[in-house]
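Engineer: Here it is, the structure, as structure tokens.
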Amino acid sequence: MDKHWLQQQVLERLAADLLLTEQAALTAHETATHEENIAENKYDTLGLEAAYLATGQARRAEAIRQAIAAWQQFRPRAHDDSLGIQLGAAVCLVDAQDRQQWVFLGPPGGSMKLVCEGQALQVISTEAPLGRALLGKCVGDEVAIEVPPHRLEFEVLQVV
């Protein structure tokens with residue numbers, strides 16, 4: 001599995017998300033400051049609502065910028081069995097119903113689904129419950145996480 005390709009795909013998706021978020025923030029800001037949206041009474045809140053939206057979009061844009069910086073600094077390495085699963089690992093899991101899934105452990109902010117070499121995989125961070133649970137595990141180990149009201153259990157089948 002080409003981890004550098006995965007990294008590039010995440011960066012491209014994040015860049016597209018940043019562009020959309022910045023455009024949304026600009027539109028909301030323009031709406032908030034447009035002369036037609038000046039409040040005429042206490043019930044006229046369109047300008048105020050647009051200002052709140054612009055602030056939220058600006059915060060989202062900053063979070064995406066931070067994620068982009070983390071993913072740009074990220075250097076995926078080959079898996080080392082002696083260390084167990086670490087940041088940068090691609091992991092195949094199987095659940096109790098014998099369903100397999102692939103996850104790729106990356107820096108925060110890149111949670112998304114991708115297809116690499118015909119294989120669907122979920123990008124997660126080590127801050128996610130499953131990501132935390134996988135750290136240090138090896139092929140054959142059991143991993144369990146609580147997702148109320150359920151307990152999800154997996155076995156590690158393969159690590160790349």
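By convention in this document, the chains of the structure tokens carry letters A, B, ... by their order, each chain's residues are numbered from 1, and ligands are numbered from 1 in the order they are shown.
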Skipping near chain neighbours, those fewer than 3 positions away, what residues fall within 6 Å of range 84-99 of chain A using only C-alpha atoms, listed as a count of residues only?
Structural biologist: 18
Engineer: Identify, with DSSP run on backbone atoms, the residues in range 6-156 of chain A assigned to alpha helix (DSSP H), and express the list as a ChimeraX atom specification.
Structural biologist: /A:6-33,46-73,129-134
Engineer: Closest to Gly110 in chain A among A:Glu30, A:Glu49, A:Asp17, A:Glu146, using only C-alpha atoms?
Structural biologist: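 Closest residue, counting only C-alpha atoms: A:Asp17.
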Engineer: Determine the nearest neighbour of Leu134 in chain A from the options A:Ile68, A:Ala120, A:Leu83, A:Val147, counting only C-alpha atoms.
Structural biologist: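 Closest to Leu134 in chain A, using only C-alpha atoms: A:Leu83.
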Engineer: Can you work out which one of A:Gly109, A:Pro148, A:Pro129, A:Gly47 has the shortest atom-to-atom distance to Ala70 in chain A, counting only C-alpha atoms?
Structural biologist: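 Result for the nearest residue to Ala70 in chain A: A:Gly109.
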Engineer: Let's see if you can do this: from backbone DSSP, list all strand (DSSP E) residues in chain A, as a ChimeraX atom specification.
Structural biologist: /A:90-95,100-106,112-116,119-125,142-147,150-159
Engineer: Could you pull the residues within 9 Å of Glu127 in chain A, counting only C-alpha atoms, minus those fewer than 4 positions along the same chain, as a PyMOL selection string?
Structural biologist: chain A and resi 107-108+131-132
Engineer: Would you write out those residues with C-alpha atoms, as an mmCIF file, in the first residue's frame?
Structural biologist:
data_model
loop_
_atom_site.group_PDB
_atom_site.id
_atom_site.type_symbol
_atom_site.label_atom_id
_atom_site.label_comp_id
_atom_site.auth_asym_id
_atom_site.auth_seq_id
_atom_site.Cartn_x
_atom_site.Cartn_y
_atom_site.Cartn_z
ATOM 1 C CA PRO A 107 -2.143 12.788 12.066
ATOM 2 C CA PRO A 108 -5.262 14.545 13.361
ATOM 3 C CA GLY A 131 -6.617 4.691 16.683
ATOM 4 C CA ARG A 132 -5.647 4.839 20.371
#
Engineer: How far is it from CA of Ala133 in chain A to CA of Arg65 in chain A, in Å with one decimal?
Structural biologist: 26.9 Å
Engineer: In Å, how far is it from CA of His4 in chain A to CA of Leu18 in chain A?
Structural biologist: 20.9 Å
Engineer: Ranking A:Val139, A:Gln7, A:Ala67, A:Ala54 by minimum distance to Asp80 in chain A and counting only C-alpha atoms, which one comes first?
Structural biologist: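 Distance minimum relative to Asp80 in chain A lands on A:Val139.
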Engineer: Find, counting only C-alpha atoms, the residue in A:Leu46, A:Val123, A:Leu114, A:Leu130 that gets nearest to Arg151 in chain A.
Structural biologist: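 Checking each candidate against Arg151 in chain A, we get A:Leu130 as the closest.
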Engineer: Which residues come within 6 Å of Ala58 in chain A, counting only C-alpha atoms, excluding same-chain residues fewer than 3 positions away, as an MDAnalysis selection string?
Structural biologist: chainID A and resid 25 55 61
Engineer: Hey, can you spit out that residue selection with C-alpha atoms as a PDB file, in the first residue's frame?
Structural biologist:
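File written: result_17.pdb
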ATOM      1  CA  ALA A  25     -16.560  32.305   5.472  1.00  0.00           C
ATOM      2  CA  THR A  55     -16.792  33.205  12.779  1.00  0.00           C
ATOM      3  CA  ALA A  61     -10.626  27.063   8.122  1.00  0.00           C
TER       4      ALA A  61
END
